[in-house]
Each structure stands twice: as C-alpha cells, then as structure tokens.
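Visitor: Got target_37.cif for you, mmCIF, C-alpha atoms and all ligand atoms:
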data_query
#
loop_
_atom_site.label_atom_id
_atom_site.label_comp_id
_atom_site.auth_asym_id
_atom_site.auth_seq_id
_atom_site.Cartn_x
_atom_site.Cartn_y
_atom_site.Cartn_z
CA MET J 1404 173.80 392.86 245.08
CA ARG J 1405 170.89 394.75 246.62
CA PRO J 1406 167.25 393.69 246.94
CA LEU J 1407 164.68 395.04 244.46
CA ALA J 1408 163.12 397.13 247.24
CA ASP J 1409 166.24 399.33 247.05
CA ILE J 1410 165.68 400.38 243.40
CA PRO J 1411 165.44 404.20 243.49
CA VAL J 1412 162.24 405.55 241.96
CA GLU J 1413 164.27 408.03 239.86
CA THR J 1414 166.24 405.11 238.38
CA ALA J 1415 163.08 403.30 237.28
CA ARG J 1416 161.53 406.46 235.84
CA ALA J 1417 164.65 407.45 233.88
CA LEU J 1418 164.81 404.18 231.94
CA ALA J 1419 164.05 404.15 228.20
CA GLY J 1420 164.17 400.39 227.87
CA ILE J 1421 165.06 397.03 229.26
CA VAL J 1422 167.38 394.42 227.73
CA PHE J 1423 166.97 390.86 228.92
CA ASP J 1424 168.50 387.42 228.55
CA LEU J 1425 166.18 384.51 227.73
CA ASP J 1426 167.42 381.12 229.06
CA ASP J 1427 166.97 380.82 232.83
CA THR J 1428 166.11 384.55 233.04
CA VAL J 1429 162.80 384.95 231.16
CA LEU J 1430 162.50 381.22 230.40
CA ASP J 1431 162.27 378.45 233.02
CA HIS J 1432 164.49 375.67 231.66
CA GLY J 1433 163.44 376.73 228.16
CA ALA J 1434 159.71 377.24 228.86
CA LEU J 1435 157.82 380.55 228.89
CA ALA J 1436 155.34 380.88 231.77
CA GLU J 1437 152.06 382.79 231.42
CA ALA J 1438 152.96 385.33 234.13
CA THR J 1439 156.34 386.02 232.52
CA TYR J 1440 154.81 386.65 229.10
CA SER J 1441 152.27 388.96 230.73
CA ALA J 1442 155.08 390.86 232.49
CA LEU J 1443 156.58 391.73 229.09
CA PHE J 1444 153.32 393.46 228.10
CA ARG J 1445 153.23 395.29 231.45
CA LEU J 1446 156.78 396.57 230.93
CA ARG J 1447 155.93 397.77 227.44
CA ALA J 1448 152.75 399.46 228.66
CA SER J 1449 154.87 401.39 231.16
CA GLY J 1450 156.71 402.98 228.23
CA LEU J 1451 159.81 400.82 228.08
CA ARG J 1452 161.43 399.59 224.87
CA LEU J 1453 161.97 395.79 225.10
CA ILE J 1454 165.04 394.08 223.66
CA ALA J 1455 165.70 390.36 224.03
CA CYS J 1456 169.41 389.50 224.11
CA THR J 1457 170.33 385.84 223.89
CA GLY J 1458 172.99 383.34 222.93
CA ARG J 1459 170.24 381.43 221.09
CA PRO J 1460 170.25 381.22 217.27
CA ALA J 1461 169.18 383.79 214.71
CA GLY J 1462 166.45 381.36 213.59
CA TRP J 1463 164.90 381.40 217.07
CA GLY J 1464 165.15 385.19 217.17
CA GLN J 1465 163.23 385.41 213.89
CA VAL J 1466 160.34 383.58 215.52
CA ILE J 1467 160.13 385.46 218.83
CA GLN J 1468 160.63 388.84 217.13
CA ARG J 1469 157.48 388.10 215.13
CA GLN J 1470 155.45 386.79 218.06
CA TRP J 1471 156.49 388.54 221.27
CA PRO J 1472 156.09 392.22 222.24
CA LEU J 1473 159.70 393.09 221.37
CA ASP J 1474 161.30 396.12 219.75
CA ALA J 1475 164.38 394.13 218.70
CA THR J 1476 166.14 390.83 219.36
CA VAL J 1477 169.91 390.43 219.69
CA VAL J 1478 170.99 386.83 219.03
CA GLU J 1479 174.09 384.63 219.06
CA ASN J 1480 175.59 386.61 221.97
CA GLY J 1481 175.53 389.98 220.22
CA ALA J 1482 176.72 388.92 216.76
CA LEU J 1483 173.41 389.69 214.97
CA ALA J 1484 170.35 391.83 215.65
CA LEU J 1485 166.82 391.35 214.31
CA ILE J 1486 164.58 394.36 213.89
CA PRO J 1487 161.14 394.85 212.39
CA GLU J 1488 161.27 396.57 209.00
CA PRO J 1489 158.21 398.15 207.42
CA LEU J 1490 157.10 396.41 204.23
CA PRO J 1491 156.71 398.49 201.08
CA PRO J 1492 153.09 399.50 200.46
CA PRO J 1493 151.02 396.94 198.49
CA PRO J 1494 150.47 397.58 194.74
CA ARG J 1495 147.52 399.88 194.01
CA THR J 1496 145.36 397.39 192.13
CA ALA J 1497 141.67 396.75 192.58
CA PRO J 1498 141.02 393.60 194.63
CA SER J 1499 139.68 390.66 192.64
CA PRO J 1500 136.40 389.18 193.87
CA SER J 1501 138.20 386.14 195.27
CA SER J 1502 140.91 388.06 197.13
CA SER J 1503 140.76 388.74 200.83
CA THR J 1504 140.25 392.28 202.06
CA SER J 1505 142.31 391.53 205.14
CA THR J 1506 145.28 393.84 205.68
CA LYS J 1507 147.27 390.99 207.17
CA GLY J 1508 150.68 390.62 205.53
CA THR J 1509 151.18 394.36 205.07
CA GLY J 1510 152.72 394.78 208.52
CA THR J 1511 156.39 394.09 209.05
CA ARG J 1512 159.15 391.75 208.06
CA ILE J 1513 162.21 391.04 210.16
CA GLY J 1514 165.52 392.44 208.98
CA MET J 1515 168.90 390.89 209.84
CA ALA J 1516 172.10 392.63 208.78
CA ASP J 1517 175.18 390.39 208.53
CA PRO J 1518 178.43 392.28 207.82
CA LEU J 1519 179.90 389.14 206.18
CA ASP J 1520 178.90 388.01 202.66
CA PRO J 1521 177.14 384.61 202.55
CA ALA J 1522 180.11 382.62 201.14
CA ALA J 1523 182.56 383.97 203.72
CA ARG J 1524 179.98 383.29 206.43
CA ARG J 1525 179.56 379.65 205.29
CA ASP J 1526 183.36 379.09 205.26
CA ARG J 1527 183.82 380.66 208.68
CA ARG J 1528 181.08 378.56 210.21
CA ALA J 1529 182.28 375.32 208.53
CA ALA J 1530 185.69 375.77 210.19
CA LEU J 1531 183.98 376.26 213.58
CA LEU J 1532 181.94 373.10 212.99
CA ASP J 1533 185.17 371.12 212.34
CA LEU J 1534 186.54 372.34 215.67
CA ALA J 1535 183.27 371.51 217.49
CA GLU J 1536 183.22 367.98 216.08
CA ALA J 1537 186.84 367.43 217.18
CA LEU J 1538 185.91 368.59 220.70
CA VAL J 1539 182.95 366.19 220.81
CA ARG J 1540 185.29 363.32 219.86
CA ASP J 1541 187.74 364.25 222.66
CA PHE J 1542 185.11 365.14 225.29
CA PRO J 1543 182.27 362.63 224.89
CA ALA J 1544 180.27 364.13 227.78
CA THR J 1545 179.37 367.00 225.46
CA ALA J 1546 177.47 367.00 222.15
CA LEU J 1547 176.59 369.45 219.42
CA ALA J 1548 173.68 371.52 220.75
CA ASP J 1549 170.36 370.75 219.11
CA ASP J 1550 169.83 374.37 217.96
CA ASN J 1551 172.85 374.56 215.62
CA GLY J 1552 170.67 374.24 212.52
CA ALA J 1553 169.19 377.69 213.20
CA ARG J 1554 172.54 379.41 213.84
CA VAL J 1555 174.31 381.79 211.46
CA THR J 1556 177.56 382.88 213.14
CA ASP J 1557 178.57 380.43 215.89
CA VAL J 1558 178.66 376.71 216.66
CA THR J 1559 177.48 375.59 220.05
CA LEU J 1560 178.15 372.62 222.31
CA ASP J 1561 175.64 371.35 224.88
CA ILE J 1562 177.18 371.53 228.36
CA GLY J 1563 174.05 371.80 230.52
CA GLU J 1564 170.85 371.59 228.47
CA HIS J 1565 170.54 367.85 227.76
CA ARG J 1566 174.09 366.98 228.85
CA GLN J 1567 175.95 367.61 232.09
CA VAL J 1568 179.58 368.42 231.34
CA PRO J 1569 182.07 368.82 234.22
CA SER J 1570 183.34 372.40 234.46
CA ALA J 1571 186.95 371.13 234.21
CA ASP J 1572 186.09 369.70 230.76
CA VAL J 1573 184.46 373.00 229.75
CA GLU J 1574 187.63 374.87 230.71
CA ARG J 1575 189.85 372.43 228.75
CA MET J 1576 187.62 372.78 225.67
CA ARG J 1577 187.82 376.56 225.96
CA ALA J 1578 191.62 376.43 226.17
CA ILE J 1579 191.79 374.29 222.99
CA ALA J 1580 189.49 376.73 221.15
CA HIS J 1581 191.49 379.75 222.32
CA GLU J 1582 194.72 378.13 221.02
CA GLN J 1583 193.08 378.17 217.57
CA GLY J 1584 192.06 381.81 217.87
CA VAL J 1585 188.39 380.96 218.46
CA ARG J 1586 186.49 382.95 221.11
CA THR J 1587 184.28 381.11 223.59
CA LEU J 1588 181.26 382.17 225.61
CA VAL J 1589 179.63 380.09 228.33
CA SER J 1590 175.95 380.22 229.28
CA SER J 1591 174.07 377.99 231.70
CA VAL J 1592 173.38 375.56 228.85
CA HIS J 1593 175.95 376.07 226.08
CA LEU J 1594 179.60 376.56 225.19
CA HIS J 1595 179.68 378.87 222.15
CA LEU J 1596 182.53 378.84 219.61
CA THR J 1597 182.73 382.01 217.53
CA ARG J 1598 185.05 384.25 215.54
CA GLU J 1599 182.76 387.29 216.02
CA VAL J 1600 184.05 390.10 218.22
CA GLU J 1601 180.70 391.20 219.67
CA ASP J 1602 179.36 390.29 223.07
CA LYS J 1603 175.95 390.98 224.59
CA ALA J 1604 176.92 394.52 225.63
CA THR J 1605 178.58 395.62 222.37
CA GLY J 1606 175.89 393.93 220.26
CA VAL J 1607 173.11 395.79 222.09
CA LEU J 1608 174.94 399.13 221.90
CA ARG J 1609 175.52 398.70 218.15
CA LEU J 1610 171.81 397.97 217.68
CA LEU J 1611 170.72 400.94 219.82
CA SER J 1612 173.03 403.42 218.08
CA ARG J 1613 172.35 402.23 214.51
CA HIS J 1614 168.61 401.60 214.68
CA PHE J 1615 167.26 403.61 217.62
CA ALA J 1616 169.49 406.73 217.37
CA GLU J 1617 170.80 406.23 220.89
CA ASP J 1618 174.16 407.65 221.94
CA PRO J 1619 176.07 404.51 223.09
CA THR J 1620 177.36 406.04 226.32
CA GLY J 1621 173.94 407.41 227.24
CA ALA J 1622 172.33 404.08 226.37
CA LEU J 1623 174.31 402.40 229.14
CA ARG J 1624 172.33 404.54 231.60
CA ARG J 1625 169.00 404.66 229.77
CA TYR J 1626 168.64 400.88 229.38
CA ALA J 1627 168.62 398.29 232.16
CA PHE J 1628 169.91 394.74 231.70
CA VAL J 1629 168.49 391.54 233.25
CA GLY J 1630 170.36 388.24 233.16
CA ASP J 1631 171.57 385.18 235.02
CA SER J 1632 174.82 383.65 233.86
CA GLY J 1633 178.37 383.90 232.54
CA ASN J 1634 177.61 385.32 229.10
CA ASP J 1635 175.63 388.14 230.80
CA GLY J 1636 178.69 389.23 232.81
CA VAL J 1637 179.88 391.75 230.21
CA ALA J 1638 176.47 393.45 230.29
CA PHE J 1639 176.43 393.51 234.11
CA ALA J 1640 179.81 395.27 233.91
CA ALA J 1641 178.77 397.68 231.13
CA PHE J 1642 175.21 398.84 232.00
CA THR J 1643 174.51 401.09 235.00
CA THR J 1644 171.22 399.51 236.09
CA THR J 1645 171.47 395.72 236.14
CA PHE J 1646 169.35 392.97 237.60
CA GLY J 1647 169.95 389.30 238.26
CA VAL J 1648 167.30 386.65 238.79
CA ALA J 1649 168.06 384.64 241.95
CA ASN J 1650 169.87 381.83 240.11
CA VAL J 1651 172.57 384.35 239.14
CA ARG J 1652 174.17 383.45 242.48
CA GLU J 1653 175.27 380.10 240.96
CA HIS J 1654 177.29 381.90 238.26
CA LEU J 1655 178.91 384.82 240.09
CA GLY J 1656 182.31 383.10 239.81
CA ARG J 1657 182.23 383.69 236.02
CA MET J 1658 181.54 387.43 236.34
CA SER J 1659 183.88 390.31 237.09
CA VAL J 1660 180.92 392.42 238.26
CA PRO J 1661 177.68 391.09 239.79
CA PRO J 1662 174.32 392.66 238.90
CA ARG J 1663 173.44 395.71 241.00
CA PHE J 1664 170.06 394.32 242.13
CA VAL J 1665 168.89 390.73 242.57
CA ALA J 1666 165.41 389.20 242.66
CA SER J 1667 164.47 386.79 245.44
CA SER J 1668 163.01 384.24 242.98
CA PRO J 1669 164.79 382.37 240.20
CA MET J 1670 164.23 382.46 236.43
CA GLY J 1671 160.84 383.61 235.10
CA ARG J 1672 159.40 384.32 238.56
CA GLY J 1673 162.42 386.50 239.31
CA PHE J 1674 161.93 388.33 236.02
CA VAL J 1675 158.28 388.99 236.94
CA GLU J 1676 159.39 390.38 240.33
CA ILE J 1677 161.82 392.78 238.61
CA ALA J 1678 159.25 393.79 235.97
CA LEU J 1679 156.44 394.49 238.44
CA GLN J 1680 158.76 396.49 240.72
CA LEU J 1681 159.85 398.68 237.79
CA VAL J 1682 156.26 399.11 236.58
CA ALA J 1683 155.09 400.10 240.09
CA LEU J 1684 157.92 402.59 240.57
CA ARG J 1685 157.31 404.17 237.13
CA ALA J 1686 153.59 404.56 237.95
CA ALA J 1687 154.22 405.98 241.44
MG MG W 1701 170.73 382.82 230.67
#
I need this file expressed as structure tokens, please.
Ligand SMILES: [Mg+2]

Guide:
Amino acid sequence: MRPLADIPVETARALAGIVFDLDDTVLDHGALAEATYSALFRLRASGLRLIACTGRPAGWGQVIQRQWPLDATVVENGALALIPEPLPPPPRTAPSPSSSTSTKGTGTRIGMADPLDPAARRDRRAALLDLAEALVRDFPATALADDNGARVTDVTLDIGEHRQVPSADVERMRAIAHEQGVRTLVSSVHLHLTREVEDKATGVLRLLSRHFAEDPTGALRRYAFVGDSGNDGVAFAAFTTTFGVANVREHLGRMSVPPRFVASSPMGRGFVEIALQLVALRAA
C-alpha cells in the first residue's frame, strides 16, 4: 500500500467516478461527520460520479439515495442497486386556488430492480432467517443485527456493532452456513448470510453497465474504490485504483489483495484525505 502522495495526477484525472463503502470508511462507527459529508460534494463538484456501496440494507439505501449527493447506491453487498428514476410529468390541469405552486414532488423517485418475484424472495429470506436464529441459539455471543427489518435479500448477524464475537466463533458460523449452501460475507460489524451471487465488485459493475452505459472492463479503470474491511476485498482485487482508510490495516488478513493506496487517518477523516487529494490533483 502506498501513501496518497504517490497517486499519479493522470490517474486522478482519468477517473469517471468513485465507489465507496460506508461503515468505518465514510462513517465513523455509524456516524457521518460534517467534513466527510462536505467531501462528497467536493468530489462531485470535481466531476466524479458518486456511488455508495454497502452491506447495509436496501431500506437504508433508499434514505441516503434521496438525501446525499449520490448517483446510485449499491446495497446488501452488491445484491441490489438503487437509482434515481425520473417521475412522469404531472397532469396538465389548472391548479386549484388551494393547491401549492411548489414544484416539489416532481423530481425523482428511487428505483430498485429485484430479479426475484416477491413470493420467491420472501421464501428465500425466511429460510435464511431460520438459519440465523439457529446460529444465535448455538453462538449466544452474537445476535440478529438491528437493521434486518430494512433488508430485502440477506439476513445479518451482529459480530462487532453492539456485540463482540470472537473470530473463531465467526469462522465456525461461516462453516455451518457454507455446509447449507449459504454464502457468507464479513464486514467490520456484521456476518451476512445470503443466497445471492453478487459481491460489491460484481454488483457495482452490473449497475454501471445497465444504468450508466459503462463497459464493465473499462469501468474497472474508470472508477476508483474506497473501503476498509473484508467485504471490500473483492473490490480491492477487481478495481485498478483502490484506496483504504487507515483502519484497513486491521482487516488485511481477510483480503487477497490490499488497496493500492492508503490514507494516514482512519474512517471518515481518511476518506476526507483521499477525497481532497483527488480533488486537488484533478484541479492541478
Ligand atoms: Mg466498512
């Protein structure tokens, strides 16, 4: 991993966008700092497309996609993507005296395409919930994560958010899930149980090719990725220009490839360092 001062100016200028993890990358233990939020606007003003990419639920993605300066949000570790969709034009009727003349509400709604029909999705997730509840009975250090109510595709156990689960227990839970044909992903806070095949890299590439007309191979060079932990490892291996915030050093054992560049500060402050360096290089 090289320091941010080594980022070549041509690399920063050639980027079309930046894809970033949320927990412990943009967020500090779940909180968004003022400087970090500001850095997102700076990145966008420098001409970069912004895509959040998180293991967090679709329901959380719906909220931040409405509120933050984002072009798209990939949630549940790549399984689903949320994109703004233009609303149809309002009906051409004369406004009544009591109606507002505000144009609010004619902007965008958030689209989410799920390849599975709703009944099949409910059955698939119910089976994952049965497995998760069995794991909680056998490994009482863990618990169902408190964001499961907003999830669509996966079921998630708390291993580091409000609980501290020994890594040996995490590995035994993963082995039990794998025996049942269930995939697992591990972030700094959660163990995810899923039957989806996507990961953060394939989920982002599917989004970019379907909705932003990007050639998937070219997108690996045109978009940078920023992350911190195990479920970001596939993206560090796939994308050409990758960044870790300083706390990535705690998770290198779960990654086949480390990020190419690393910030000197952890979490949100590290993200700000990366953002401001890219903005400065693109303006130079
Ligand atoms: Mg993270």

Visitor: What residues have any atom no more than 7 Å from ligand MG 1701 (chain W) when counting only C-alpha atoms and all ligand atoms, and can you list them as a PDB file with C-alpha atoms, in the coordinates of the input?

Guide:
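Generated file (part.pdb):
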ATOM      1  CA  ASP J1424     168.500 387.420 228.550  1.00  0.00           C
ATOM      2  CA  LEU J1425     166.180 384.510 227.730  1.00  0.00           C
ATOM      3  CA  ASP J1426     167.420 381.120 229.060  1.00  0.00           C
ATOM      4  CA  ASP J1427     166.970 380.820 232.830  1.00  0.00           C
ATOM      5  CA  THR J1428     166.110 384.550 233.040  1.00  0.00           C
ATOM      6  CA  SER J1590     175.950 380.220 229.280  1.00  0.00           C
ATOM      7  CA  SER J1591     174.070 377.990 231.700  1.00  0.00           C
ATOM      8  CA  GLY J1630     170.360 388.240 233.160  1.00  0.00           C
ATOM      9  CA  ASP J1631     171.570 385.180 235.020  1.00  0.00           C
ATOM     10  CA  SER J1632     174.820 383.650 233.860  1.00  0.00           C
TER      11      SER J1632
END

Visitor: Between atom CA of J:Val1675 and atom CA of J:Leu1430, what distance in Å does the model show, to one decimal?

Guide: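 Computing it gives 11.0 Å between the two atoms.
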
Visitor: Hey, can you pull every residue with an atom no more than 6 Å from (174.3, 371.4, 220.9), using all atoms listed in the file, and send it as a list of chain:residue names?

Guide: J:Ala1546, J:Leu1547, J:Ala1548, J:Asp1549, J:Thr1559, J:Leu1560, J:Asp1561

Visitor: If you measure from atom CA of J:Pro1569 to atom CA of J:Thr1545, what distance in Å do you get, rounded to one decimal?

Guide: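 Distance between the two atoms: 9.3 Å.
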
Visitor: What is the distance, in Å and to one decimal place, between atom CA of J:Asp1520 and atom CA of J:Ala1622?

Guide: 29.4 Å

Visitor: Smallest atom-to-atom distance to J:Gln1680: which of J:His1595, J:Arg1416, J:Arg1575, J:Arg1625, using only C-alpha atoms?

Guide: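 Checking each candidate against J:Gln1680, we get J:Arg1416 as the closest.
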
Visitor: Nearest residue to J:Ala1535 out of J:Glu1617, J:Glu1653, J:Asp1557, J:Glu1564, using only C-alpha atoms?

Guide: J:Asp1557

Visitor: Give me the residues within 7 Å of J:Val1422 as a list in words, counting all atoms listed in the file and dropping any in the same chain fewer than 2 places off.

Guide: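 So the residues in contact are Gly1420, Leu1453, Ile1454, Ala1455, Cys1456, Tyr1626, Ala1627, Phe1628 and Val1629 of chain J.
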
Visitor: Quick one: contact table of stretch 1528-1605 of chain J to stretch 1484-1487 of chain J, 12 Å max, nearest atom pair and distance in Å to one decimal per residue, counting all atoms listed in the file, chain and number order, as a tab-separated table?

Guide:
residue	atom	partner	partner_atom	distance
J:Val1555	CA	J:Ala1484	CA	11.6
J:Thr1556	CA	J:Ala1484	CA	11.8
J:Glu1601	CA	J:Ala1484	CA	11.1
J:Asp1602	CA	J:Ala1484	CA	11.8
J:Lys1603	CA	J:Ala1484	CA	10.6
J:Thr1605	CA	J:Ala1484	CA	11.3

Visitor: Generate a file of the selected residues that holds C-alpha atoms, formatted as a PDB file, keeping the file's coordinate frame.

Guide:
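File result_31.pdb, as written:
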ATOM      1  CA  VAL J1555     174.310 381.790 211.460  1.00  0.00           C
ATOM      2  CA  THR J1556     177.560 382.880 213.140  1.00  0.00           C
ATOM      3  CA  GLU J1601     180.700 391.200 219.670  1.00  0.00           C
ATOM      4  CA  ASP J1602     179.360 390.290 223.070  1.00  0.00           C
ATOM      5  CA  LYS J1603     175.950 390.980 224.590  1.00  0.00           C
ATOM      6  CA  THR J1605     178.580 395.620 222.370  1.00  0.00           C
TER       7      THR J1605
END

Visitor: Restricting the calculation to only C-alpha atoms: of J:Val1558, J:Ser1659, J:Glu1676, J:Arg1685, which residue gets closest to J:Ala1438?

Guide: J:Glu1676

Visitor: Rank J:Glu1599, J:Thr1644, J:Pro1543, J:Gly1552 by their smallest atom-to-atom distance to J:Asp1517, using only C-alpha atoms, and report the top residue only.

Guide: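 Residue with the minimum atom-to-atom distance to J:Asp1517: J:Glu1599.
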
Visitor: Nearest to J:Gly1462: which of J:Asn1551, J:Asn1480, J:Thr1620, J:Gln1583 is it, counting only C-alpha atoms?

Guide: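 Of the candidates, the smallest distance to J:Gly1462 is held by J:Asn1551.
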
Visitor: Got a sec to check which residues sit within 7 Å of (169.6, 377.7, 215.6), counting all atoms listed in the file, and write them as a PyMOL selection string?

Guide: chain J and resi 1459-1463+1550-1554

Visitor: Could you take the residues named above and write them with C-alpha atoms, as a PDB file, in the coordinates of the input?

Guide:
ATOM      1  CA  ARG J1459     170.240 381.430 221.090  1.00  0.00           C
ATOM      2  CA  PRO J1460     170.250 381.220 217.270  1.00  0.00           C
ATOM      3  CA  ALA J1461     169.180 383.790 214.710  1.00  0.00           C
ATOM      4  CA  GLY J1462     166.450 381.360 213.590  1.00  0.00           C
ATOM      5  CA  TRP J1463     164.900 381.400 217.070  1.00  0.00           C
ATOM      6  CA  ASP J1550     169.830 374.370 217.960  1.00  0.00           C
ATOM      7  CA  ASN J1551     172.850 374.560 215.620  1.00  0.00           C
ATOM      8  CA  GLY J1552     170.670 374.240 212.520  1.00  0.00           C
ATOM      9  CA  ALA J1553     169.190 377.690 213.200  1.00  0.00           C
ATOM     10  CA  ARG J1554     172.540 379.410 213.840  1.00  0.00           C
TER      11      ARG J1554
END

Visitor: Using all atoms listed in the file, which protein or nucleic acid residues come within 12 Å of J:Gly1621? Drop anything in the same chain fewer than 2 positions from it, and give the result as a VMD selection string.

Guide: chain J and resid 1417 to 1419 1608 1611 to 1612 1616 to 1619 1623 to 1627 1641 to 1643

Visitor: Would you mind telling me which residue in J:Asp1572, J:Phe1639, J:Arg1527, J:Ala1482 lies nearest to J:Val1539 when using only C-alpha atoms?

Guide: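 Among the listed residues, J:Asp1572 lies closest to J:Val1539.
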
Visitor: Complete the atoms of stretch 1511-1520 of chain J to all heavy atoms and put them out as a tab-separated table (two decimals), in the frame of the given file.

Guide:
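Resulting contents of selection-v1.tsv:
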chain	number	residue	atom	x	y	z
J	1511	THR	N	154.95	393.96	208.97
J	1511	THR	CA	156.39	394.09	209.05
J	1511	THR	C	157.05	392.80	208.62
J	1511	THR	O	156.47	391.73	208.64
J	1511	THR	CB	156.83	394.36	210.50
J	1511	THR	OG1	156.31	393.33	211.33
J	1511	THR	CG2	156.37	395.70	210.99
J	1512	ARG	N	158.32	392.93	208.18
J	1512	ARG	CA	159.15	391.75	208.06
J	1512	ARG	C	160.34	391.99	208.97
J	1512	ARG	O	160.56	393.09	209.46
J	1512	ARG	CB	159.57	391.52	206.61
J	1512	ARG	CG	160.44	392.60	206.05
J	1512	ARG	CD	160.58	392.42	204.54
J	1512	ARG	NE	161.29	393.55	203.98
J	1512	ARG	CZ	162.59	393.52	203.64
J	1512	ARG	NH1	163.28	392.43	203.81
J	1512	ARG	NH2	163.17	394.58	203.15
J	1513	ILE	N	161.12	390.93	209.20
J	1513	ILE	CA	162.21	391.04	210.16
J	1513	ILE	C	163.52	391.15	209.40
J	1513	ILE	O	163.86	390.30	208.58
J	1513	ILE	CB	162.24	389.79	211.08
J	1513	ILE	CG1	160.87	389.60	211.74
J	1513	ILE	CG2	163.33	389.93	212.12
J	1513	ILE	CD1	160.39	390.76	212.55
J	1514	GLY	N	164.25	392.21	209.65
J	1514	GLY	CA	165.52	392.44	208.98
J	1514	GLY	C	166.68	391.92	209.82
J	1514	GLY	O	166.68	392.00	211.04
J	1515	MET	N	167.70	391.35	209.14
J	1515	MET	CA	168.90	390.89	209.84
J	1515	MET	C	170.12	391.27	209.00
J	1515	MET	O	170.29	390.77	207.89
J	1515	MET	CB	168.87	389.38	210.04
J	1515	MET	CG	170.12	388.84	210.73
J	1515	MET	SD	169.99	387.08	211.09
J	1515	MET	CE	170.16	386.38	209.44
J	1516	ALA	N	170.92	392.19	209.52
J	1516	ALA	CA	172.10	392.63	208.78
J	1516	ALA	C	173.31	391.82	209.22
J	1516	ALA	O	173.66	391.79	210.39
J	1516	ALA	CB	172.34	394.11	209.05
J	1517	ASP	N	173.95	391.13	208.25
J	1517	ASP	CA	175.18	390.39	208.53
J	1517	ASP	C	176.31	391.10	207.79
J	1517	ASP	O	176.25	391.22	206.57
J	1517	ASP	CB	175.04	388.94	208.06
J	1517	ASP	CG	176.23	388.08	208.48
J	1517	ASP	OD1	177.27	388.65	208.89
J	1517	ASP	OD2	176.13	386.85	208.40
J	1518	PRO	N	177.34	391.57	208.50
J	1518	PRO	CA	178.43	392.28	207.82
J	1518	PRO	C	179.25	391.39	206.88
J	1518	PRO	O	179.96	391.88	206.02
J	1518	PRO	CB	179.31	392.79	208.98
J	1518	PRO	CG	178.92	391.96	210.16
J	1518	PRO	CD	177.52	391.51	209.95
J	1519	LEU	N	179.13	390.07	207.02
J	1519	LEU	CA	179.90	389.14	206.18
J	1519	LEU	C	179.05	388.69	205.00
J	1519	LEU	O	177.85	388.47	205.15
J	1519	LEU	CB	180.27	387.92	207.04
J	1519	LEU	CG	181.70	387.39	206.97
J	1519	LEU	CD1	182.70	388.50	207.28
J	1519	LEU	CD2	181.88	386.24	207.95
J	1520	ASP	N	179.69	388.51	203.79
J	1520	ASP	CA	178.90	388.01	202.66
J	1520	ASP	C	178.63	386.51	202.87
J	1520	ASP	O	179.34	385.84	203.62
J	1520	ASP	CB	179.59	388.30	201.33
J	1520	ASP	CG	180.81	387.43	201.12
J	1520	ASP	OD1	180.66	386.21	200.93
J	1520	ASP	OD2	181.93	387.99	201.16
